[in-house]
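Content type PDB, C-alpha atoms, pLDDT in the B column, from the file entry_21.pdb:
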ATOM      1  CA  MET A 935      79.049 111.655  99.748  1.00 59.00           C
ATOM      2  CA  PRO A 936      81.127 113.226  97.007  1.00 63.00           C
ATOM      3  CA  VAL A 937      81.036 111.891  93.468  1.00 70.00           C
ATOM      4  CA  GLY A 938      84.498 111.986  91.959  1.00 75.00           C
ATOM      5  CA  PRO A 939      85.834 110.599  88.690  1.00 78.00           C
ATOM      6  CA  VAL A 940      85.422 106.960  89.767  1.00 82.00           C
ATOM      7  CA  GLY A 941      81.793 107.539  90.812  1.00 84.00           C
ATOM      8  CA  THR A 942      81.134 109.343  87.541  1.00 83.00           C
ATOM      9  CA  TYR A 943      82.630 106.435  85.620  1.00 86.00           C
ATOM     10  CA  LEU A 944      80.397 104.055  87.606  1.00 90.00           C
ATOM     11  CA  VAL A 945      77.266 105.998  86.623  1.00 88.00           C
ATOM     12  CA  ALA A 946      78.347 106.105  82.957  1.00 85.00           C
ATOM     13  CA  LEU A 947      79.193 102.385  82.948  1.00 88.00           C
ATOM     14  CA  SER A 948      75.803 101.515  84.442  1.00 89.00           C
ATOM     15  CA  ALA A 949      74.022 103.794  81.959  1.00 84.00           C
ATOM     16  CA  ARG A 950      75.574 102.160  78.913  1.00 80.00           C
ATOM     17  CA  SER A 951      75.496  98.559  80.129  1.00 83.00           C
ATOM     18  CA  SER A 952      73.199  97.183  82.817  1.00 85.00           C
ATOM     19  CA  LEU A 953      72.426  97.376  86.505  1.00 91.00           C
ATOM     20  CA  ARG A 954      74.133  93.998  86.985  1.00 93.00           C
ATOM     21  CA  VAL A 955      77.425  95.280  85.534  1.00 93.00           C
ATOM     22  CA  GLY A 956      77.039  98.533  87.493  1.00 93.00           C
ATOM     23  CA  ALA A 957      76.392  96.620  90.716  1.00 96.00           C
ATOM     24  CA  CYS A 958      79.537  94.531  90.183  1.00 96.00           C
ATOM     25  CA  ALA A 959      81.530  97.709  89.601  1.00 95.00           C
ATOM     26  CA  ALA A 960      79.961  99.330  92.679  1.00 96.00           C
ATOM     27  CA  LEU A 961      80.987  96.363  94.803  1.00 97.00           C
ATOM     28  CA  GLY A 962      84.531  96.705  93.435  1.00 96.00           C
ATOM     29  CA  ILE A 963      84.650 100.285  94.722  1.00 93.00           C
ATOM     30  CA  ALA A 964      83.154  99.232  98.056  1.00 95.00           C
ATOM     31  CA  SER A 965      85.702  96.411  98.325  1.00 96.00           C
ATOM     32  CA  ALA A 966      88.534  98.902  97.866  1.00 93.00           C
ATOM     33  CA  ASP A 967      87.011 101.101 100.568  1.00 91.00           C
ATOM     34  CA  GLY A 968      86.732  98.030 102.805  1.00 92.00           C
ATOM     35  CA  ILE A 969      90.380  97.154 102.166  1.00 91.00           C
ATOM     36  CA  TYR A 970      91.421 100.715 102.976  1.00 86.00           C
ATOM     37  CA  ALA A 971      89.311 100.665 106.133  1.00 87.00           C
ATOM     38  CA  LEU A 972      90.957  97.390 107.170  1.00 88.00           C
ATOM     39  CA  VAL A 973      94.439  98.773 106.523  1.00 83.00           C
ATOM     40  CA  ALA A 974      93.597 101.949 108.444  1.00 80.00           C
ATOM     41  CA  ALA A 975      92.127  99.971 111.355  1.00 81.00           C
ATOM     42  CA  VAL A 976      95.169  97.714 111.554  1.00 82.00           C
ATOM     43  CA  ALA A 977      97.977 100.169 110.742  1.00 77.00           C
ATOM     44  CA  GLY A 978      96.404 103.390 112.029  1.00 68.00           C
ATOM     45  CA  SER A 979      98.764 106.319 112.360  1.00 63.00           C
ATOM     46  CA  ALA A 980     101.856 104.409 111.221  1.00 69.00           C
ATOM     47  CA  LEU A 981     100.583 104.331 107.627  1.00 65.00           C
ATOM     48  CA  ALA A 982      99.765 107.994 106.941  1.00 63.00           C
ATOM     49  CA  PRO A 983     103.368 109.374 107.039  1.00 69.00           C
ATOM     50  CA  LEU A 984     104.557 106.570 104.765  1.00 71.00           C
ATOM     51  CA  LEU A 985     102.034 107.542 102.083  1.00 67.00           C
ATOM     52  CA  VAL A 986     102.869 111.239 101.924  1.00 67.00           C
ATOM     53  CA  PRO A 987     105.846 110.848  99.519  1.00 75.00           C
ATOM     54  CA  ILE A 988     103.843 108.734  97.039  1.00 72.00           C
ATOM     55  CA  VAL A 989     100.581 110.686  97.046  1.00 69.00           C
ATOM     56  CA  MET A 990     101.476 112.892  94.076  1.00 76.00           C
ATOM     57  CA  PRO A 991     102.851 110.081  91.861  1.00 81.00           C
ATOM     58  CA  LEU A 992      99.694 108.051  92.564  1.00 72.00           C
ATOM     59  CA  ARG A 993      97.575 111.059  91.641  1.00 75.00           C
ATOM     60  CA  TRP A 994      99.388 111.293  88.303  1.00 82.00           C
ATOM     61  CA  VAL A 995      98.848 107.568  87.680  1.00 80.00           C
ATOM     62  CA  SER A 996      95.163 108.058  88.498  1.00 74.00           C
ATOM     63  CA  LEU A 997      95.030 111.016  86.103  1.00 80.00           C
ATOM     64  CA  VAL A 998      96.515 108.994  83.244  1.00 84.00           C
ATOM     65  CA  VAL A 999      94.199 106.010  83.833  1.00 78.00           C
ATOM     66  CA  LEU A1000      91.072 108.157  84.110  1.00 77.00           C
ATOM     67  CA  LEU A1001      91.948 110.313  81.089  1.00 84.00           C
ATOM     68  CA  GLY A1002      92.571 107.123  79.114  1.00 84.00           C
ATOM     69  CA  LEU A1003      89.167 105.758  80.133  1.00 78.00           C
ATOM     70  CA  ALA A1004      87.494 109.053  79.263  1.00 80.00           C
ATOM     71  CA  ALA A1005      89.160 109.180  75.845  1.00 86.00           C
ATOM     72  CA  MET A1006      88.299 105.561  75.054  1.00 83.00           C
ATOM     73  CA  GLY A1007      84.706 106.125  76.144  1.00 79.00           C
ATOM     74  CA  ALA A1008      84.323 109.231  73.979  1.00 83.00           C
ATOM     75  CA  ILE A1009      85.905 107.581  70.937  1.00 87.00           C
ATOM     76  CA  ARG A1010      83.749 104.478  71.348  1.00 79.00           C
ATOM     77  CA  ALA A1011      80.583 106.587  71.689  1.00 78.00           C
ATOM     78  CA  VAL A1012      81.326 108.617  68.551  1.00 83.00           C
ATOM     79  CA  ARG A1013      82.165 105.492  66.527  1.00 82.00           C
ATOM     80  CA  ARG A1014      78.968 103.743  67.601  1.00 75.00           C
ATOM     81  CA  TYR A1015      76.914 106.823  66.882  1.00 76.00           C
ATOM     82  CA  ARG A1016      78.379 107.144  63.417  1.00 78.00           C
ATOM     83  CA  ALA A1017      77.832 103.467  62.661  1.00 75.00           C
ATOM     84  CA  HIS A1018      74.266 103.614  64.063  1.00 69.00           C
ATOM     85  CA  ARG A1019      74.856 100.337  65.854  1.00 56.00           C
ATOM     86  CA  LEU A1020      72.997 101.479  68.956  1.00 49.00           C
ATOM     87  CA  THR A1021      69.933  99.292  69.014  1.00 50.00           C
ATOM     88  CA  GLY A1022      69.102  99.109  72.689  1.00 48.00           C
ATOM     89  CA  ILE A1023      70.599  99.382  76.148  1.00 45.00           C
ATOM     90  CA  THR A1024      70.106  95.700  76.937  1.00 42.00           C
ATOM     91  CA  GLN A1025      71.994  94.498  73.862  1.00 48.00           C
ATOM     92  CA  GLU A1026      75.180  96.402  74.640  1.00 51.00           C
ATOM     93  CA  MET A1027      77.442  94.915  77.306  1.00 48.00           C
ATOM     94  CA  PRO A1028      80.802  96.698  77.164  1.00 60.00           C
ATOM     95  CA  VAL A1029      82.270  94.679  80.026  1.00 78.00           C
ATOM     96  CA  ALA A1030      81.425  91.589  82.025  1.00 89.00           C
ATOM     97  CA  GLY A1031      80.560  91.828  85.707  1.00 89.00           C
ATOM     98  CA  ARG A1032      83.906  90.378  86.790  1.00 92.00           C
ATOM     99  CA  THR A1033      85.817  92.844  84.606  1.00 92.00           C
ATOM    100  CA  ALA A1034      83.772  95.742  85.990  1.00 93.00           C
ATOM    101  CA  TYR A1035      84.403  94.596  89.584  1.00 96.00           C
ATOM    102  CA  PHE A1036      88.167  94.277  89.218  1.00 94.00           C
ATOM    103  CA  GLY A1037      88.481  97.371  87.026  1.00 90.00           C
ATOM    104  CA  LEU A1038      86.767  99.637  89.547  1.00 91.00           C
ATOM    105  CA  LEU A1039      88.551  97.912  92.442  1.00 92.00           C
ATOM    106  CA  GLY A1040      91.877  98.773  90.796  1.00 89.00           C
ATOM    107  CA  MET A1041      90.856 102.352  89.986  1.00 85.00           C
ATOM    108  CA  THR A1042      89.730 102.952  93.556  1.00 86.00           C
ATOM    109  CA  LEU A1043      92.883 101.407  95.017  1.00 86.00           C
ATOM    110  CA  LEU A1044      94.907 104.004  93.073  1.00 81.00           C
ATOM    111  CA  SER A1045      93.590 106.724  95.375  1.00 70.00           C
ATOM    112  CA  PRO A1046      95.881 107.081  98.422  1.00 61.00           C
ATOM    113  CA  MET A1047      93.691 109.825  99.870  1.00 64.00           C
ATOM    114  CA  THR A1048      91.149 107.192 100.848  1.00 68.00           C
ATOM    115  CA  VAL A1049      93.713 105.412 103.046  1.00 64.00           C
ATOM    116  CA  ILE A1050      94.678 108.697 104.692  1.00 65.00           C
ATOM    117  CA  TYR A1051      90.986 109.503 105.217  1.00 69.00           C
ATOM    118  CA  PHE A1052      90.304 106.162 106.904  1.00 67.00           C
ATOM    119  CA  ALA A1053      93.478 106.441 109.034  1.00 62.00           C
ATOM    120  CA  ALA A1054      92.329 109.882 110.199  1.00 63.00           C
ATOM    121  CA  LEU A1055      88.923 108.454 111.127  1.00 65.00           C
ATOM    122  CA  VAL A1056      90.508 105.663 113.148  1.00 58.00           C
ATOM    123  CA  LEU A1057      92.852 108.082 114.920  1.00 56.00           C
ATOM    124  CA  GLY A1058      90.192 110.715 115.512  1.00 57.00           C
ATOM    125  CA  GLY A1059      87.759 108.241 117.036  1.00 55.00           C
ATOM    126  CA  SER A1060      90.251 106.404 119.210  1.00 50.00           C
ATOM    127  CA  GLY A1061      90.666 109.031 121.949  1.00 54.00           C
ATOM    128  CA  SER A1062      93.294 108.070 124.487  1.00 54.00           C
ATOM    129  CA  SER A1063      92.803 104.305 124.181  1.00 66.00           C
ATOM    130  CA  ASP A1064      93.262 102.023 121.218  1.00 72.00           C
ATOM    131  CA  PRO A1065      90.093 100.615 119.676  1.00 76.00           C
ATOM    132  CA  THR A1066      89.333  96.997 120.516  1.00 83.00           C
ATOM    133  CA  VAL A1067      89.371  94.282 117.899  1.00 86.00           C
ATOM    134  CA  VAL A1068      85.560  94.241 117.890  1.00 91.00           C
ATOM    135  CA  GLU A1069      85.433  98.018 117.348  1.00 86.00           C
ATOM    136  CA  ARG A1070      87.893  97.724 114.456  1.00 86.00           C
ATOM    137  CA  VAL A1071      85.878  94.928 112.841  1.00 91.00           C
ATOM    138  CA  ILE A1072      82.682  96.967 113.199  1.00 92.00           C
ATOM    139  CA  PHE A1073      84.444  99.978 111.675  1.00 87.00           C
ATOM    140  CA  VAL A1074      85.603  97.963 108.640  1.00 90.00           C
ATOM    141  CA  LEU A1075      82.170  96.382 108.114  1.00 94.00           C
ATOM    142  CA  ALA A1076      80.403  99.727 108.512  1.00 93.00           C
ATOM    143  CA  ALA A1077      82.768 101.383 106.014  1.00 90.00           C
ATOM    144  CA  PHE A1078      82.152  98.607 103.480  1.00 94.00           C
ATOM    145  CA  ILE A1079      78.361  98.661 103.931  1.00 95.00           C
ATOM    146  CA  ALA A1080      78.170 102.467 103.722  1.00 93.00           C
ATOM    147  CA  SER A1081      80.321 102.517 100.592  1.00 92.00           C
ATOM    148  CA  ALA A1082      78.393  99.643  98.976  1.00 95.00           C
ATOM    149  CA  SER A1083      75.077 101.390  99.674  1.00 95.00           C
ATOM    150  CA  TRP A1084      76.251 104.646  98.091  1.00 94.00           C
ATOM    151  CA  GLN A1085      77.922 103.006  95.095  1.00 94.00           C
ATOM    152  CA  LEU A1086      74.882 100.787  94.423  1.00 95.00           C
ATOM    153  CA  LEU A1087      72.712 103.907  94.538  1.00 95.00           C
ATOM    154  CA  LEU A1088      74.978 105.543  91.937  1.00 93.00           C
ATOM    155  CA  ALA A1089      74.878 102.407  89.779  1.00 94.00           C
ATOM    156  CA  SER A1090      71.075 102.304  90.007  1.00 93.00           C
ATOM    157  CA  GLY A1091      70.875 105.955  88.993  1.00 90.00           C
ATOM    158  CA  GLY A1092      73.141 105.245  86.047  1.00 88.00           C
ATOM    159  CA  ALA A1093      71.026 102.282  84.955  1.00 88.00           C
ATOM    160  CA  LEU A1094      67.871 104.412  85.151  1.00 86.00           C
ATOM    161  CA  LEU A1095      69.593 107.157  83.180  1.00 81.00           C
ATOM    162  CA  GLY A1096      70.608 104.622  80.546  1.00 78.00           C
ATOM    163  CA  ARG A1097      67.026 103.399  80.182  1.00 74.00           C
ATOM    164  CA  ALA A1098      65.771 106.962  79.807  1.00 73.00           C
ATOM    165  CA  LEU A1099      68.318 107.840  77.100  1.00 70.00           C
ATOM    166  CA  THR A1100      68.015 105.014  74.622  1.00 62.00           C
ATOM    167  CA  GLY A1101      68.137 107.059  71.403  1.00 66.00           C
ATOM    168  CA  HIS A1102      71.289 107.387  69.322  1.00 71.00           C
ATOM    169  CA  LEU A1103      71.797 111.088  69.956  1.00 74.00           C
ATOM    170  CA  GLY A1104      70.851 110.904  73.656  1.00 74.00           C
ATOM    171  CA  ARG A1105      73.341 108.130  74.297  1.00 72.00           C
ATOM    172  CA  LEU A1106      76.071 109.937  72.366  1.00 78.00           C
ATOM    173  CA  LEU A1107      75.528 113.171  74.290  1.00 79.00           C
ATOM    174  CA  THR A1108      75.391 111.329  77.627  1.00 75.00           C
ATOM    175  CA  ALA A1109      78.614 109.447  76.858  1.00 78.00           C
ATOM    176  CA  LEU A1110      80.416 112.619  75.798  1.00 83.00           C
ATOM    177  CA  ALA A1111      79.161 114.541  78.854  1.00 83.00           C
ATOM    178  CA  SER A1112      80.240 111.800  81.247  1.00 80.00           C
ATOM    179  CA  THR A1113      83.678 111.393  79.653  1.00 84.00           C
ATOM    180  CA  THR A1114      84.202 115.172  79.778  1.00 87.00           C
ATOM    181  CA  LEU A1115      83.241 115.185  83.466  1.00 83.00           C
ATOM    182  CA  ILE A1116      85.559 112.231  84.182  1.00 81.00           C
ATOM    183  CA  ALA A1117      88.451 114.060  82.503  1.00 84.00           C
ATOM    184  CA  ALA A1118      87.740 117.310  84.382  1.00 84.00           C
ATOM    185  CA  LEU A1119      87.544 115.536  87.747  1.00 80.00           C
ATOM    186  CA  ALA A1120      90.717 113.572  86.966  1.00 79.00           C
ATOM    187  CA  ILE A1121      92.594 116.789  86.183  1.00 83.00           C
ATOM    188  CA  ARG A1122      91.474 118.182  89.541  1.00 80.00           C
ATOM    189  CA  LEU A1123      93.379 115.329  91.211  1.00 74.00           C
ATOM    190  CA  VAL A1124      96.691 116.950  90.302  1.00 77.00           C
ATOM    191  CA  ALA A1125      95.678 120.604  90.109  1.00 74.00           C
TER     192      ALA A1125
END

Would you encode the structure as structure tokens?
Amino acid sequence: MPVGPVGTYLVALSARSSLRVGACAALGIASADGIYALVAAVAGSALAPLLVPIVMPLRWVSLVVLLGLAAMGAIRAVRRYRAHRLTGITQEMPVAGRTAYFGLLGMTLLSPMTVIYFAALVLGGSGSSDPTVVERVIFVLAAFIASASWQLLLASGGALLGRALTGHLGRLLTALASTTLIAALAIRLVA
């Protein structure tokens, strides 16, 4: 499973907040994947040609959102480091679980390539006959469960990383490294 800018943001969010917030964010990503799987299972091949004209504008929107998040994260990390307000990982909650869920759901929904990927899976696996309703439901559930498992693993890794790097300098360097990686991966979306 590849880790793109959204997955990197998930790890960074979990590292600087908590596993609970990271798990909510992970389920937001998995929900978006489930929605895309549902759309692909229902619409199939009819959807892919309609998305081609808007793929590049959506990539640019994704770039702007992710670069904004990276910049805000870096600025926040430097300000907190300078103010020496970093007292412990459990006392800092940058976002609530609901905000993390909907934020990552929205970020993931900005990626049209996921819809095209799921449509290709549905078309590639259908052969000469259309999948039954039961097969489509199983596909959607399996896509959601697989995505949730992977995203929760990333969130857990981020939470463990956050516990390991509780010092002022360690947290600053981790925040700056993750925001740099998010920006680089976001730029790759349009390059």

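Of the listed residues (A:Leu944, A:Ile1116, A:Leu1099, A:Leu1094), A:Leu944 comes nearest to Gly956 of chain A; the distances count only C-alpha atoms.
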
Item checked: Point-to-point distance in Å for atom CA of Ala966 of chain A and atom CA of Tyr1035 of chain A -> 10.2 Å

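Proximity to Leu953 of chain A was assessed for A:Val1124, A:Leu997, A:Ala1030, A:Ala1077 counting all atoms listed in the file; the smallest distance is recorded for A:Ala1030.
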
Item checked: Closest of A:Arg993, A:Arg950, A:Arg1032, A:Arg1016 to Leu1103 of chain A - atom-to-atom distances counting only C-alpha atoms -> A:Arg1016

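Proximity of A:Leu984, A:Ala975, A:Ala1005, A:Leu1044 to Ile1072 of chain A, computed with all atoms listed in the file, is greatest for A:Ala975.
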